[in-house]
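Engineer: Below is a structure I'd like to ask you about.
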Amino acid sequence: MTVSSSPGRRRGRPGSGAAPAPRVGLFGLLGSGNLGNDASLDAVLGYLRAYHPDAVLDFMCMGPGEVRARYGCDAIPLLWCRRYEERVPGPLAAGLKILGKLIDPFRTAAWVRRHDVVIVPGMGVLEASLPLNPWGWPYTMTQLGVSGRLFGTKVAMIGVGATFVKRPATRWLIVRAARLAFYRSYRDAQSRDALGQQGLDTSADPVHPDLVFSLPTSPAAGNPETVGVGLMAYYGSDDDRKRADEIYADYLGNVESFIRWLLEAGRRVLLFYGDAVDEPAVEQVLSDLREYTSESGPARLAAEHVTSYAELRQAMAPVGTVVATRYHNVICALQLSKPTMSIGYGKKNVVLMEEMGLPEFCQHAQSIDVPKLIEQFTKLESNADQVRTMLAERNADKASLLAGQFATMDALLFPAG
């Protein structure tokens with residue numbers, strides 16, 4: 001694949017008979033610290049390398065600097081105001097954000113028209129399981145869809161997640177964005193059904209495993225005495241804004257109680273975090289449970305900060321069992337064939353655990369029952385060998401399904417000739 005530099009679409013030489021190199025844009029909340037989003041991007045880049053090694057790539061994303069450094073491709077900011085936010089005082093920054101809402105549709109349109117295909121690689125782009133402003137991401141996605149229709153660029157939402165959205169303005173924008181896409185596929189059936197319940201015809205839309213399952217990985221048994229815990233700064237869903245602080249305190253208190261039980265049982269606990277917003281939660285847990293840390297010898301409670309999905313896999317490899325909240329932490333543990341418990345915040349976590357054969361090892365982050373969590377964890381560990389074998393088989397099945405999906409999708413996005 002090559003780096004984009006031309007301001008217009010690339011075309012073959014007249015009469016040469018050679019097909020032009022496709023110009024492909026990657027669009028989304030990429031390069032901004034969300035490890036799951038970047039893992040989905042890596043999966044799509046793997047597909048493009050295999051099928052279109054000559055493709056000319058560039059990005060419109062939240063972290064253009066990180067993307068340029070990591071992939072060597074051209075990238076521009078998703079939002080016009082991002083370049084000014086940290087350099088101007090509060091009131092002026094707010095005014096620039098409003099101005100940006102008027103400027104961004106034109107920027108997006110100008111970028112989209114330069115491409116043959118624009119791909120939104122996975123992510124929960126049609127979800128409202130976390131707080132969501134309609135004039136944020138839903139508005140941005142609608143701009144993308146409108147631009148694609150205006151200029152004949154194929155907008156492809158590949159393996160995305162969706163939920164039923166209660167807020168009317170947010171729901172209208174999300175459904176409109178999905179309807180305008182040339183191609184849609186989903187990471188699970190409940191995502192497709194959620195859009196169908198909101199009035200979109202999804203009867204022809206395919207469902208396949210999460211894109212991350214196409215990334216190469218190997219099982220890692222780890223040390224059964226070490227437990228990995230994936231923490232999140234969880235404040236509830238888009239409908240829980242009034243109770244956000246209460247929800248956060250309850251969640252963290254319950255997780256701390258479970259970690260305290262692990263430490264008192266003689267276990268070593270390793271906290272994982274990568275998303276920048278989760279760091280305060282990790283620091284609070286370390287502070288509240290400081291009596292279990294040791295200045296001499298290995299600490300029984302430690303934290304590891306990771307900056308990529310590959311680093312997360314390396315950090316998780318030495319642990320025996322994982323208990324996690326963020327969706328990509330759960331997927332990573334399952335990919336490594338770790339006995340895994342999900343303390344999730346959305347139905348996607350439950351669906352994933354069902355697909356991997358572990359439906360009884362789930363709880364919701366907003367209603368954690370600590371005694372039950374301990375009981376579930378104990379049962380999971382007692383069946384660790386069988387669980388690891390089952391997960392390895394299911395990982396292989398999902399990778400095979402994704403390979404078939406990429407082939408089918410490619411014929412639609414890049415027809416021969």
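Each chain of the structure tokens is named A, B, ... in the order shown, its residues numbered from 1; ligands are numbered from 1 in display order.
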Let's see if you can do this: from backbone DSSP, list all strand (DSSP E) residues in region 283-326 of chain A, as a list of chain:residue names.
Structural biologist: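 For region 283-326 of chain A, the strand (DSSP E) set is A:Leu301, A:Ala302, A:Ala303, A:Glu304, A:His305, A:Val319, A:Gly320, A:Thr321, A:Val322, A:Val323, A:Ala324.
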Engineer: Within 10 Å of region 388-412 of chain A, which residues of region 21-52 of chain A come that close, and what is the closest atom pair and distance in Å for each? Count only C-alpha atoms and give it as CSV.
Structural biologist:
```
residue,atom,partner,partner_atom,distance
A:Val44,CA,A:Phe406,CA,9.1
A:Tyr47,CA,A:Phe406,CA,7.0
A:Leu48,CA,A:Asp410,CA,9.4
A:Tyr51,CA,A:Asp410,CA,8.0
A:His52,CA,A:Asp410,CA,9.7
```
Engineer: Excluding region 375-377 of chain A and residues on its chain fewer than 6 positions from it, collect all residues at most 8 Å away from it, counting only C-alpha atoms, and give them as an MDAnalysis selection string.
Structural biologist: chainID A and resid 341 360:361
Engineer: Got a sec: who's within 8 Å of Tyr235 (chain A), counting only C-alpha atoms, leaving out chain neighbours fewer than 2 positions off, as a PDB file with N, CA and C atoms, in the first residue's frame?
Structural biologist:
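Output contents, as saved in result02.pdb:
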```pdb
ATOM      1  N   ALA A 233     -13.366   3.669  33.474  1.00  0.00           N
ATOM      2  CA  ALA A 233     -14.033   4.790  34.151  1.00  0.00           C
ATOM      3  C   ALA A 233     -15.491   4.775  33.679  1.00  0.00           C
ATOM      4  N   SER A 237     -24.787   4.720  30.944  1.00  0.00           N
ATOM      5  CA  SER A 237     -25.106   4.871  29.528  1.00  0.00           C
ATOM      6  C   SER A 237     -25.553   6.297  29.219  1.00  0.00           C
ATOM      7  N   ASP A 240     -28.186   7.697  31.531  1.00  0.00           N
ATOM      8  CA  ASP A 240     -27.891   7.740  32.970  1.00  0.00           C
ATOM      9  C   ASP A 240     -27.103   8.968  33.400  1.00  0.00           C
ATOM     10  N   ARG A 241     -27.186  10.033  32.647  1.00  0.00           N
ATOM     11  CA  ARG A 241     -26.310  11.178  32.914  1.00  0.00           C
ATOM     12  C   ARG A 241     -26.527  11.783  34.304  1.00  0.00           C
ATOM     13  N   ARG A 243     -27.188  10.309  37.023  1.00  0.00           N
ATOM     14  CA  ARG A 243     -26.655   9.443  38.085  1.00  0.00           C
ATOM     15  C   ARG A 243     -25.209   9.035  37.816  1.00  0.00           C
ATOM     16  N   ALA A 244     -24.544   9.735  36.924  1.00  0.00           N
ATOM     17  CA  ALA A 244     -23.233   9.300  36.449  1.00  0.00           C
ATOM     18  C   ALA A 244     -22.226   9.109  37.586  1.00  0.00           C
ATOM     19  N   ASP A 245     -22.115  10.085  38.490  1.00  0.00           N
ATOM     20  CA  ASP A 245     -21.128   9.986  39.566  1.00  0.00           C
ATOM     21  C   ASP A 245     -21.449   8.839  40.521  1.00  0.00           C
ATOM     22  N   GLU A 246     -22.723   8.663  40.800  1.00  0.00           N
ATOM     23  CA  GLU A 246     -23.135   7.563  41.684  1.00  0.00           C
ATOM     24  C   GLU A 246     -22.800   6.215  41.053  1.00  0.00           C
ATOM     25  N   ILE A 247     -23.068   6.081  39.770  1.00  0.00           N
ATOM     26  CA  ILE A 247     -22.785   4.831  39.063  1.00  0.00           C
ATOM     27  C   ILE A 247     -21.288   4.538  39.077  1.00  0.00           C
ATOM     28  N   TYR A 248     -20.493   5.562  38.841  1.00  0.00           N
ATOM     29  CA  TYR A 248     -19.040   5.388  38.839  1.00  0.00           C
ATOM     30  C   TYR A 248     -18.541   4.923  40.204  1.00  0.00           C
TER      31      TYR A 248
END
```
Engineer: Using only C-alpha atoms, pick whichever of A:Ala324, A:Leu29, A:Leu144, A:Leu45 has the shortest atom-to-atom distance to Ile174 (chain A).
Structural biologist: A:Leu144
Engineer: For Val255 (chain A), list every protein, DNA or RNA residue within 9 Å, evaluated using only C-alpha atoms, and leave out those in the same chain fewer than 3 positions away; present the list as a list in words.
Structural biologist: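 Everything that qualifies: Leu231, Asp250, Tyr251, Leu252, Phe258, Ile259, Arg260, Val285, Ile368 and Val370 of chain A.
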Engineer: A:Gly199, A:Gly320, A:Pro121, A:Gly222: which is nearest Val155 (chain A), counting only C-alpha atoms?
Structural biologist: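 For Val155 (chain A), the nearest of the given residues is A:Pro121.
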Engineer: Could you give me, as a tab-separated table, a per-residue list for region 327-372 of chain A showing, wherever an atom lies at most 10 Å from an atom of region 206-219 of chain A, the closest pair of atoms and their distance in Å to one decimal, using only C-alpha atoms and sorting by chain then residue number from low to high?
Structural biologist:
```
residue	atom	partner	partner_atom	distance
A:His328	CA	A:Val212	CA	8.7
A:Ile331	CA	A:Val212	CA	7.8
A:Cys332	CA	A:Val212	CA	8.5
A:Ala333	CA	A:Pro219	CA	9.5
A:Leu334	CA	A:Pro219	CA	9.0
A:Gln335	CA	A:Thr217	CA	6.9
A:Leu336	CA	A:Pro219	CA	4.4
A:Ser337	CA	A:Pro219	CA	5.2
A:Lys338	CA	A:Pro219	CA	7.7
A:Leu352	CA	A:Asp210	CA	8.9
A:Glu355	CA	A:Pro209	CA	9.2
```
Engineer: Neighbouring residues of Arg167 (chain A) were defined as those with any atom within 9 Å, considering only C-alpha atoms; residues of the same chain fewer than 5 positions away were excluded. Please report them as number ranges by chain.
Structural biologist: A: 134, 172, 238-239
Engineer: CA of Phe414 (chain A) to CA of Ser32 (chain A): how many Å, to one decimal?
Structural biologist: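 If I compute the distance from CA of Phe414 (chain A) to CA of Ser32 (chain A), I get 28.9 Å.
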Engineer: Write out as a list in words each polymer residue whose atoms come within 8 Å of Pro318 (chain A), counting only C-alpha atoms; drop sequence neighbours fewer than 4 positions from it.
Structural biologist: Ala220, Ala221, Gly222, Asn223, Thr226 and Gln314 of chain A
